[in-house]
>>> print(open('entry_0.cif').read())   # mmCIF, C-alpha atoms
data_upload
#
loop_
_atom_site.label_atom_id
_atom_site.label_comp_id
_atom_site.auth_asym_id
_atom_site.auth_seq_id
_atom_site.Cartn_x
_atom_site.Cartn_y
_atom_site.Cartn_z
CA MET F 1 6.19 20.94 0.05
CA ARG F 2 8.28 18.71 -2.23
CA VAL F 3 5.42 16.22 -2.55
CA ALA F 4 3.00 18.99 -3.57
CA THR F 5 5.46 20.30 -6.17
CA HIS F 6 6.02 16.84 -7.67
CA ARG F 7 2.28 16.21 -7.71
CA ASP F 8 1.61 19.47 -9.55
CA THR F 9 4.28 18.90 -12.19
CA ILE F 10 3.11 15.32 -12.80
CA ALA F 11 -0.49 16.50 -13.16
CA ALA F 12 0.59 19.21 -15.61
CA ARG F 13 2.51 16.69 -17.73
CA LEU F 14 -0.37 14.21 -17.83
CA ARG F 15 -2.82 17.00 -18.67
CA ASP F 16 -0.55 18.00 -21.55
CA GLN F 17 -0.11 14.48 -22.92
CA PHE F 18 -3.46 12.78 -22.32
CA SER F 19 -7.20 13.31 -22.22
CA PHE F 20 -6.91 13.69 -18.47
CA TYR F 21 -9.61 13.95 -15.82
CA LYS F 22 -7.99 14.35 -12.41
CA LEU F 23 -5.20 13.30 -10.07
CA LEU F 24 -5.97 11.81 -6.65
CA THR F 25 -3.58 11.23 -3.77
CA ILE F 26 -4.28 7.76 -2.37
CA GLY F 27 -2.55 5.11 -0.26
CA SER F 28 -0.61 5.47 2.99
CA TYR F 29 0.24 9.13 2.42
CA ASP F 30 -3.44 10.02 2.06
CA ARG F 31 -4.54 7.83 4.99
CA GLY F 32 -1.85 9.14 7.34
CA THR F 33 -0.13 5.77 7.80
CA ASP F 34 3.02 6.65 5.88
CA ILE F 35 6.51 6.59 7.38
CA ALA F 36 8.73 9.56 6.54
CA GLY F 37 11.57 8.47 4.28
CA GLU F 38 10.15 4.97 3.83
CA SER F 39 6.67 5.22 2.29
CA ASP F 40 5.96 6.05 -1.34
CA VAL F 41 3.45 8.68 -2.45
CA ASP F 42 0.68 7.06 -4.50
CA LEU F 43 -1.06 9.16 -7.15
CA PHE F 44 -4.16 7.96 -8.98
CA ALA F 45 -4.10 9.42 -12.49
CA VAL F 46 -7.70 9.21 -13.70
CA LEU F 47 -7.71 9.30 -17.50
CA ARG F 48 -10.76 9.83 -19.64
CA ARG F 49 -12.16 6.63 -21.07
CA ASP F 50 -11.03 7.32 -24.64
CA GLU F 51 -7.41 7.04 -23.44
CA VAL F 52 -7.89 3.45 -22.25
CA THR F 53 -10.11 2.10 -25.05
CA TRP F 54 -9.55 1.16 -28.66
CA GLY F 55 -12.31 0.08 -31.01
CA GLY F 56 -14.81 -0.10 -28.19
CA SER F 57 -12.66 -2.38 -26.01
CA LEU F 58 -10.30 -1.67 -23.16
CA LYS F 59 -6.62 -1.47 -24.04
CA SER F 60 -4.15 -3.66 -22.21
CA SER F 61 -3.26 -1.96 -18.94
CA THR F 62 0.39 -2.69 -19.79
CA THR F 63 0.04 -0.52 -22.89
CA VAL F 64 -1.48 2.32 -20.87
CA LEU F 65 1.27 2.03 -18.23
CA ASP F 66 3.92 2.23 -20.94
CA ASN F 67 2.25 5.30 -22.44
CA VAL F 68 2.30 7.02 -19.04
CA ARG F 69 5.93 5.99 -18.51
CA ARG F 70 7.01 7.52 -21.83
CA ALA F 71 5.13 10.74 -21.07
CA LEU F 72 6.84 11.10 -17.69
CA GLU F 73 10.26 10.23 -19.11
CA GLY F 74 9.80 13.12 -21.54
CA ARG F 75 9.20 15.47 -18.60
CA TYR F 76 11.92 14.09 -16.31
CA PRO F 77 14.74 12.87 -18.60
CA GLY F 78 17.34 12.62 -15.81
CA THR F 79 15.08 10.86 -13.31
CA THR F 80 14.80 7.12 -12.62
CA ILE F 81 11.42 6.02 -13.98
CA TYR F 82 10.19 2.45 -14.43
CA ARG F 83 7.06 0.32 -14.56
CA ASP F 84 6.13 -1.53 -11.39
CA VAL F 85 3.28 -4.02 -11.02
CA HIS F 86 0.42 -1.50 -10.90
CA ALA F 87 2.14 1.85 -11.40
CA ILE F 88 4.86 3.93 -12.97
CA VAL F 89 7.48 4.67 -10.33
CA VAL F 90 9.25 8.06 -10.39
CA ARG F 91 12.26 8.34 -8.07
CA PHE F 92 13.05 12.03 -7.73
CA THR F 93 16.50 13.19 -6.69
CA SER F 94 14.78 14.99 -3.79
CA GLY F 95 14.35 11.57 -2.18
CA VAL F 96 10.61 11.40 -2.84
CA GLN F 97 9.32 8.33 -4.69
CA VAL F 98 5.99 8.73 -6.46
CA ASP F 99 3.94 5.82 -7.81
CA VAL F 100 1.63 6.98 -10.60
CA VAL F 101 -1.30 4.60 -11.11
CA PRO F 102 -3.27 5.15 -14.34
CA ALA F 103 -7.00 4.58 -13.91
CA PHE F 104 -10.40 5.32 -15.42
CA PHE F 105 -13.84 5.90 -13.94
CA GLU F 106 -15.88 2.70 -14.00
CA GLY F 107 -19.05 3.45 -12.05
CA MET F 108 -20.37 3.75 -8.51
CA SER F 109 -19.93 1.30 -5.66
CA PRO F 110 -22.85 -0.80 -4.38
CA GLY F 111 -25.37 1.66 -2.97
CA GLY F 112 -23.97 4.43 -5.16
CA ARG F 113 -21.92 5.97 -2.36
CA SER F 114 -18.41 6.04 -3.83
CA PRO F 115 -16.86 6.15 -7.31
CA THR F 116 -15.04 3.05 -8.51
CA TYR F 117 -12.17 2.92 -10.97
CA GLY F 118 -10.35 0.46 -13.14
CA MET F 119 -6.60 0.22 -12.45
CA PRO F 120 -3.87 -2.13 -13.75
CA ASP F 121 -4.08 -5.61 -12.24
CA GLY F 122 -0.42 -6.48 -12.90
CA VAL F 123 -1.06 -8.95 -15.73
CA GLY F 124 -2.36 -6.68 -18.50
CA GLY F 125 -5.96 -6.47 -17.37
CA TRP F 126 -7.85 -4.10 -15.11
CA MET F 127 -9.14 -4.47 -11.56
CA ARG F 128 -11.94 -2.54 -9.90
CA VAL F 129 -11.08 -0.39 -6.89
CA SER F 130 -12.57 2.44 -4.86
CA PRO F 131 -9.97 4.49 -2.95
CA ASP F 132 -12.72 6.59 -1.38
CA ALA F 133 -14.75 3.63 -0.08
CA HIS F 134 -11.70 1.81 1.27
CA HIS F 135 -10.39 4.99 2.88
CA LYS F 136 -13.70 5.41 4.73
CA TYR F 137 -13.69 1.74 5.78
CA ILE F 138 -10.18 1.95 7.25
CA GLU F 139 -10.86 5.35 8.82
CA GLU F 140 -13.98 4.04 10.60
CA ALA F 141 -12.10 0.98 11.89
CA ASP F 142 -9.35 3.28 13.16
CA ARG F 143 -11.95 5.46 14.91
CA ILE F 144 -13.40 2.41 16.65
CA ALA F 145 -9.88 1.36 17.65
CA GLY F 146 -9.14 4.77 19.13
CA GLY F 147 -6.43 5.53 16.58
CA LYS F 148 -4.47 2.34 17.24
CA LEU F 149 -5.05 0.90 13.76
CA ARG F 150 -3.17 3.74 12.09
CA ASN F 151 -0.20 3.44 14.45
CA THR F 152 -0.10 -0.36 14.26
CA ALA F 153 -0.01 -0.06 10.46
CA ARG F 154 2.95 2.32 10.78
CA LEU F 155 4.67 -0.16 13.11
CA MET F 156 4.19 -2.95 10.57
CA LYS F 157 5.59 -0.77 7.81
CA TYR F 158 8.58 0.06 9.99
CA TRP F 159 9.07 -3.69 10.47
CA ARG F 160 8.95 -4.11 6.69
CA SER F 161 11.59 -1.41 6.24
CA ARG F 162 13.90 -3.19 8.73
CA ARG F 163 13.76 -6.52 6.90
CA SER F 164 15.68 -7.43 3.76
CA SER F 165 14.73 -6.00 0.39
CA GLY F 166 13.23 -9.38 -0.47
CA VAL F 167 10.31 -8.82 1.92
CA SER F 168 7.36 -7.19 0.20
CA ILE F 169 3.95 -6.87 1.80
CA SER F 170 1.33 -4.42 0.59
CA SER F 171 0.46 -1.43 2.78
CA PHE F 172 -3.14 -1.63 1.60
CA HIS F 173 -3.31 -5.31 2.56
CA ILE F 174 -1.91 -4.53 6.03
CA GLU F 175 -4.52 -1.86 6.70
CA MET F 176 -7.41 -3.90 5.33
CA VAL F 177 -6.47 -6.92 7.49
CA LEU F 178 -6.30 -4.67 10.56
CA ALA F 179 -9.70 -3.17 9.71
CA GLN F 180 -11.51 -6.39 8.81
CA GLU F 181 -10.17 -8.44 11.72
CA GLY F 182 -10.70 -5.69 14.33
CA ILE F 183 -7.20 -6.42 15.61
CA CYS F 184 -6.78 -3.08 17.37
CA THR F 185 -10.14 -2.90 19.13
CA GLY F 186 -10.35 -3.32 22.87
CA VAL F 187 -7.73 -2.85 25.58
CA LYS F 188 -4.50 -3.97 23.90
CA SER F 189 -0.96 -2.68 23.77
CA TYR F 190 0.67 -1.88 20.43
CA ALA F 191 2.93 -4.90 20.98
CA GLU F 192 -0.16 -7.10 21.25
CA CYS F 193 -1.80 -5.55 18.18
CA PHE F 194 1.38 -5.92 16.14
CA THR F 195 1.90 -9.54 17.21
CA GLU F 196 -1.71 -10.43 16.44
CA LEU F 197 -1.34 -8.88 12.99
CA LEU F 198 1.73 -11.04 12.31
CA MET F 199 -0.21 -14.08 13.51
CA LYS F 200 -3.18 -13.34 11.24
CA ILE F 201 -1.02 -12.80 8.15
CA ALA F 202 1.08 -15.91 8.92
CA ALA F 203 -2.06 -18.01 9.40
CA ARG F 204 -3.19 -16.94 5.94
CA ASN F 205 0.27 -17.79 4.51
CA CYS F 206 0.35 -14.24 3.10
CA GLY F 207 -2.65 -15.13 0.98
CA ALA F 208 -4.90 -12.57 -0.65
CA LEU F 209 -7.69 -11.01 1.40
CA ARG F 210 -11.21 -11.07 0.02
CA ASP F 211 -12.34 -7.43 -0.12
CA PRO F 212 -14.99 -7.06 2.61
CA LEU F 213 -16.60 -4.27 0.58
CA GLY F 214 -17.01 -6.53 -2.44
CA ILE F 215 -15.35 -4.03 -4.77
CA ALA F 216 -11.72 -5.03 -5.39
CA GLY F 217 -12.09 -8.81 -5.42
CA ASN F 218 -8.97 -10.25 -3.79
CA ILE F 219 -6.44 -7.88 -2.20
CA PRO F 220 -2.98 -9.49 -2.53
CA ALA F 221 -0.51 -9.41 0.33
CA VAL F 222 2.56 -9.74 -1.88
CA LYS F 223 2.50 -8.00 -5.25
CA VAL F 224 5.48 -9.90 -6.70
CA PRO F 225 4.90 -13.70 -6.68
CA SER F 226 8.63 -14.46 -6.66
CA LEU F 227 8.91 -12.75 -3.25
CA HIS F 228 6.05 -14.66 -1.65
CA GLU F 229 8.06 -17.47 -0.05
CA ARG F 230 10.67 -15.13 1.42
CA THR F 231 7.98 -12.82 2.78
CA VAL F 232 6.11 -15.70 4.42
CA SER F 233 9.34 -16.92 6.02
CA SER F 234 10.09 -13.48 7.45
CA ILE F 235 6.52 -13.05 8.76
CA VAL F 236 6.59 -16.46 10.49
CA ASN F 237 10.02 -15.86 12.01
CA SER F 238 8.98 -12.45 13.33
CA ARG F 239 5.69 -13.84 14.65
CA ASP F 240 7.53 -16.44 16.72
CA HIS F 241 9.97 -13.93 18.21
CA ALA F 242 7.18 -11.39 18.86
CA LYS F 243 5.18 -14.01 20.75
CA GLU F 244 8.26 -14.87 22.80
CA ALA F 245 8.89 -11.18 23.50
CA LEU F 246 5.33 -10.79 24.83
CA SER F 247 5.75 -13.90 26.96
CA GLN F 248 9.05 -12.70 28.41
CA ASP F 249 7.61 -9.26 29.10
CA GLY F 250 4.72 -10.91 30.92
CA TRP F 251 7.18 -12.78 33.12
CA GLY F 252 9.00 -9.52 33.84
CA THR F 253 12.12 -10.55 31.93
CA THR F 254 12.55 -7.17 30.29
CA SER F 255 16.06 -7.69 28.94
CA GLU F 256 15.09 -10.91 27.14
CA ALA F 257 11.92 -9.27 25.80
CA ARG F 258 14.02 -6.45 24.34
CA ARG F 259 16.40 -8.97 22.80
CA GLN F 260 13.48 -10.73 21.12
CA TRP F 261 12.04 -7.46 19.81
CA ASN F 262 15.44 -6.55 18.38
CA ILE F 263 15.37 -9.82 16.44
CA VAL F 264 11.92 -8.94 15.12
CA PHE F 265 13.04 -5.45 14.04
CA ASN F 266 16.49 -6.53 12.88
CA GLY F 267 18.30 -4.45 15.51
CA GLY F 268 15.96 -1.48 15.13
CA PHE F 269 14.09 -1.76 18.43
CA SER F 270 14.80 0.93 21.01
#
>>> encode(input="entry_0.cif", output="structure tokens")
Amino acid sequence: MRVATHRDTIAARLRDQFSFYKLLTIGSYDRGTDIAGESDVDLFAVLRRDEVTWGGSLKSSTTVLDNVRRALEGRYPGTTIYRDVHAIVVRFTSGVQVDVVPAFFEGMSPGGRSPTYGMPDGVGGWMRVSPDAHHKYIEEADRIAGGKLRNTARLMKYWRSRRSSGVSISSFHIEMVLAQEGICTGVKSYAECFTELLMKIAARNCGALRDPLGIAGNIPAVKVPSLHERTVSSIVNSRDHAKEALSQDGWGTTSEARRQWNIVFNGGFS
């Protein structure tokens, strides 16, 4: 209920301040892989093209982000609002955090099946994305995996929430790795799926994933470069303890397996 209310008031403010097209709910909340109290709500604010162009060229995405930030600050003067890498973050006193991503319609995906949009790339430019196409891709992979992809993604996000604040790995990256690699297909436990995911991300050194749909280019694992080294270290450490936990469980040493899992989840395994 609170999310719907915040969404409606944000849409009303953007409609009042900009040449506004529509507001889409995207990300973990839309895909059903969010964790209550931990995951943000991502809103895609699709502006009409005249709001993102000047003199026939695209404006800097930083400029557009700042315009959206000022508009929201005018609506929520007592609320914490700031610019993140790709979005304007609104931290409501209700406990809900909303990330508002400004975007514009760019065209259709290959084959003309899904709309694509330009969104801030974090360095002043724009990157091409298709929330609809990627949603379908992840949803199909989850169907093939019998629903295990969605729950493994939640488990990984819970792991992220248990680590220090210096660990930052993208939810979208997590779900796309799970989908592309087919990690959750076949007869596997969630412990095995989770451990394999850690292994895949560690093997890539938290590097960007090439979009298998050929739309978004590279999908970064870590949005903030300064947090890359710390995130890699945490992934590798957790991978090693998760592998040991699986080994101990296989030997029937349940108490040691639980101890190893508690290291992985920083005391949050039960």
>>> resolve_selection(input="entry_0.cif", expression="the PyMOL selection byres ((chain F and resi 114) around 8)", output="PyMOL selection string")
chain F and resi 108-109+112-113+115-116+130+132-133
>>> resolve_selection(input="entry_0.cif", expression="the PyMOL selection byres ((chain F and resi 221) around 6)", output="MDAnalysis selection string")
chainID F and resid 169:170 173 206 208 220 222
>>> resolve_selection(input="entry_0.cif", expression="the PyMOL selection byres ((chain F and resi 151-162) around 10)", output="VMD selection string")
chain F and resid 28 32 to 35 38 to 39 142 147 to 150 163 to 172 174 to 178 183 to 184 189 to 195 197 to 198 231 234 to 235 238 264 to 269
>>> write_last_selection(input="entry_0.cif", atoms="C-alpha atoms", output="CSV table (one decimal), in the frame of the given file")
chain,number,residue,atom,x,y,z
F,28,SER,CA,-0.6,5.5,3.0
F,32,GLY,CA,-1.8,9.1,7.3
F,33,THR,CA,-0.1,5.8,7.8
F,34,ASP,CA,3.0,6.6,5.9
F,35,ILE,CA,6.5,6.6,7.4
F,38,GLU,CA,10.2,5.0,3.8
F,39,SER,CA,6.7,5.2,2.3
F,142,ASP,CA,-9.4,3.3,13.2
F,147,GLY,CA,-6.4,5.5,16.6
F,148,LYS,CA,-4.5,2.3,17.2
F,149,LEU,CA,-5.0,0.9,13.8
F,150,ARG,CA,-3.2,3.7,12.1
F,163,ARG,CA,13.8,-6.5,6.9
F,164,SER,CA,15.7,-7.4,3.8
F,165,SER,CA,14.7,-6.0,0.4
F,166,GLY,CA,13.2,-9.4,-0.5
F,167,VAL,CA,10.3,-8.8,1.9
F,168,SER,CA,7.4,-7.2,0.2
F,169,ILE,CA,4.0,-6.9,1.8
F,170,SER,CA,1.3,-4.4,0.6
F,171,SER,CA,0.5,-1.4,2.8
F,172,PHE,CA,-3.1,-1.6,1.6
F,174,ILE,CA,-1.9,-4.5,6.0
F,175,GLU,CA,-4.5,-1.9,6.7
F,176,MET,CA,-7.4,-3.9,5.3
F,177,VAL,CA,-6.5,-6.9,7.5
F,178,LEU,CA,-6.3,-4.7,10.6
F,183,ILE,CA,-7.2,-6.4,15.6
F,184,CYS,CA,-6.8,-3.1,17.4
F,189,SER,CA,-1.0,-2.7,23.8
F,190,TYR,CA,0.7,-1.9,20.4
F,191,ALA,CA,2.9,-4.9,21.0
F,192,GLU,CA,-0.2,-7.1,21.2
F,193,CYS,CA,-1.8,-5.6,18.2
F,194,PHE,CA,1.4,-5.9,16.1
F,195,THR,CA,1.9,-9.5,17.2
F,197,LEU,CA,-1.3,-8.9,13.0
F,198,LEU,CA,1.7,-11.0,12.3
F,231,THR,CA,8.0,-12.8,2.8
F,234,SER,CA,10.1,-13.5,7.4
F,235,ILE,CA,6.5,-13.0,8.8
F,238,SER,CA,9.0,-12.4,13.3
F,264,VAL,CA,11.9,-8.9,15.1
F,265,PHE,CA,13.0,-5.4,14.0
F,266,ASN,CA,16.5,-6.5,12.9
F,267,GLY,CA,18.3,-4.4,15.5
F,268,GLY,CA,16.0,-1.5,15.1
F,269,PHE,CA,14.1,-1.8,18.4
>>> residues_around(input="entry_0.cif", residues="Val232 in chain F", least_positions_apart="3", cutoff="8 Å", atoms="all atoms listed in the file", output="JSON, numbers by chain")
{"F": [202, 205, 206, 228, 229, 235, 236]}
>>> residues_near_point(input="entry_0.cif", point="(-13.3, 0.2, -11.0)", cutoff="9 Å", atoms="all atoms listed in the file", output="PDB file with C-alpha atoms, in the frame of the given file")
ATOM      1  CA  ALA F 103      -7.000   4.580 -13.910  1.00  0.00           C
ATOM      2  CA  PHE F 104     -10.400   5.320 -15.420  1.00  0.00           C
ATOM      3  CA  PHE F 105     -13.840   5.900 -13.940  1.00  0.00           C
ATOM      4  CA  GLU F 106     -15.880   2.700 -14.000  1.00  0.00           C
ATOM      5  CA  GLY F 107     -19.050   3.450 -12.050  1.00  0.00           C
ATOM      6  CA  MET F 108     -20.370   3.750  -8.510  1.00  0.00           C
ATOM      7  CA  SER F 109     -19.930   1.300  -5.660  1.00  0.00           C
ATOM      8  CA  PRO F 115     -16.860   6.150  -7.310  1.00  0.00           C
ATOM      9  CA  THR F 116     -15.040   3.050  -8.510  1.00  0.00           C
ATOM     10  CA  TYR F 117     -12.170   2.920 -10.970  1.00  0.00           C
ATOM     11  CA  GLY F 118     -10.350   0.460 -13.140  1.00  0.00           C
ATOM     12  CA  MET F 119      -6.600   0.220 -12.450  1.00  0.00           C
ATOM     13  CA  TRP F 126      -7.850  -4.100 -15.110  1.00  0.00           C
ATOM     14  CA  MET F 127      -9.140  -4.470 -11.560  1.00  0.00           C
ATOM     15  CA  ARG F 128     -11.940  -2.540  -9.900  1.00  0.00           C
ATOM     16  CA  VAL F 129     -11.080  -0.390  -6.890  1.00  0.00           C
ATOM     17  CA  SER F 130     -12.570   2.440  -4.860  1.00  0.00           C
ATOM     18  CA  ILE F 215     -15.350  -4.030  -4.770  1.00  0.00           C
ATOM     19  CA  ALA F 216     -11.720  -5.030  -5.390  1.00  0.00           C
TER      20      ALA F 216
END
>>> atom_distance(input="entry_0.cif", atom1="CA of Gly55 in chain F", atom2="CA of Ser19 in chain F")
16.7 Å
>>> closest_residue(input="entry_0.cif", among="F:Val85, F:Val100, F:Ala179, F:Ala11", to="Val41 in chain F", atoms="only C-alpha atoms")
F:Val100
>>> closest_residue(input="entry_0.cif", among="F:Pro120, F:Gly111, F:Pro225, F:Gly74", to="Val46 in chain F", atoms="only C-alpha atoms")
F:Pro120
>>> build_atoms(input="entry_0.cif", residues="range 196-219 of chain F", atoms="N, CA, C and O atoms", output="compact mmCIF listing (two decimals), keeping the file's coordinate frame")
# COMPACT_ATOMS: atom_id res chain seq x y z
N GLU F 196 -0.51 -9.80 16.98
CA GLU F 196 -1.71 -10.43 16.44
C GLU F 196 -1.79 -10.25 14.93
O GLU F 196 -2.23 -11.16 14.21
N LEU F 197 -1.36 -9.11 14.43
CA LEU F 197 -1.34 -8.88 12.99
C LEU F 197 -0.40 -9.87 12.30
O LEU F 197 -0.75 -10.48 11.29
N LEU F 198 0.80 -10.06 12.87
CA LEU F 198 1.73 -11.04 12.31
C LEU F 198 1.10 -12.44 12.32
O LEU F 198 1.24 -13.20 11.35
N MET F 199 0.42 -12.77 13.39
CA MET F 199 -0.21 -14.08 13.51
C MET F 199 -1.30 -14.27 12.45
O MET F 199 -1.40 -15.35 11.84
N LYS F 200 -2.11 -13.24 12.22
CA LYS F 200 -3.18 -13.34 11.24
C LYS F 200 -2.62 -13.52 9.83
O LYS F 200 -3.10 -14.35 9.05
N ILE F 201 -1.59 -12.73 9.50
CA ILE F 201 -1.02 -12.80 8.15
C ILE F 201 -0.31 -14.13 7.95
O ILE F 201 -0.40 -14.76 6.89
N ALA F 202 0.40 -14.61 9.00
CA ALA F 202 1.08 -15.91 8.92
C ALA F 202 0.07 -17.03 8.75
O ALA F 202 0.30 -17.97 7.97
N ALA F 203 -1.04 -16.96 9.49
CA ALA F 203 -2.06 -18.01 9.40
C ALA F 203 -2.65 -18.09 8.00
O ALA F 203 -3.08 -19.17 7.55
N ARG F 204 -2.67 -16.98 7.31
CA ARG F 204 -3.19 -16.94 5.94
C ARG F 204 -2.10 -17.25 4.92
O ARG F 204 -2.37 -17.24 3.71
N ASN F 205 -0.87 -17.51 5.39
CA ASN F 205 0.27 -17.79 4.51
C ASN F 205 0.48 -16.66 3.49
O ASN F 205 0.81 -16.89 2.34
N CYS F 206 0.24 -15.44 3.96
CA CYS F 206 0.35 -14.24 3.10
C CYS F 206 -0.56 -14.37 1.88
O CYS F 206 -0.23 -13.89 0.79
N GLY F 207 -1.70 -15.01 2.07
CA GLY F 207 -2.65 -15.13 0.98
C GLY F 207 -3.45 -13.86 0.79
O GLY F 207 -3.49 -12.99 1.67
N ALA F 208 -4.10 -13.75 -0.35
CA ALA F 208 -4.90 -12.57 -0.65
C ALA F 208 -6.11 -12.49 0.29
O ALA F 208 -6.63 -13.50 0.76
N LEU F 209 -6.53 -11.27 0.55
CA LEU F 209 -7.69 -11.01 1.40
C LEU F 209 -8.90 -10.68 0.52
O LEU F 209 -8.81 -9.83 -0.36
N ARG F 210 -10.00 -11.38 0.76
CA ARG F 210 -11.21 -11.07 0.02
C ARG F 210 -11.73 -9.71 0.47
O ARG F 210 -11.93 -9.47 1.67
N ASP F 211 -11.90 -8.79 -0.47
CA ASP F 211 -12.34 -7.43 -0.12
C ASP F 211 -13.68 -7.47 0.60
O ASP F 211 -14.69 -7.90 0.03
N PRO F 212 -13.72 -7.03 1.86
CA PRO F 212 -14.99 -7.06 2.61
C PRO F 212 -16.05 -6.14 2.02
O PRO F 212 -17.24 -6.31 2.31
N LEU F 213 -15.64 -5.18 1.20
CA LEU F 213 -16.60 -4.27 0.58
C LEU F 213 -17.13 -4.82 -0.74
O LEU F 213 -18.03 -4.23 -1.35
N GLY F 214 -16.55 -5.92 -1.21
CA GLY F 214 -17.01 -6.53 -2.44
C GLY F 214 -16.71 -5.73 -3.68
O GLY F 214 -17.39 -5.85 -4.70
N ILE F 215 -15.68 -4.90 -3.63
CA ILE F 215 -15.35 -4.03 -4.77
C ILE F 215 -14.10 -4.53 -5.51
O ILE F 215 -14.12 -4.72 -6.73
N ALA F 216 -13.02 -4.75 -4.77
CA ALA F 216 -11.72 -5.03 -5.39
C ALA F 216 -11.43 -6.51 -5.58
O ALA F 216 -10.34 -6.86 -6.01
N GLY F 217 -12.38 -7.38 -5.28
CA GLY F 217 -12.09 -8.81 -5.42
C GLY F 217 -11.12 -9.24 -4.33
O GLY F 217 -11.36 -9.02 -3.15
N ASN F 218 -9.99 -9.83 -4.74
CA ASN F 218 -8.97 -10.25 -3.79
C ASN F 218 -7.88 -9.17 -3.68
O ASN F 218 -7.40 -8.66 -4.69
N ILE F 219 -7.48 -8.88 -2.45
CA ILE F 219 -6.44 -7.88 -2.20
C ILE F 219 -5.16 -8.64 -1.86
O ILE F 219 -5.03 -9.21 -0.77
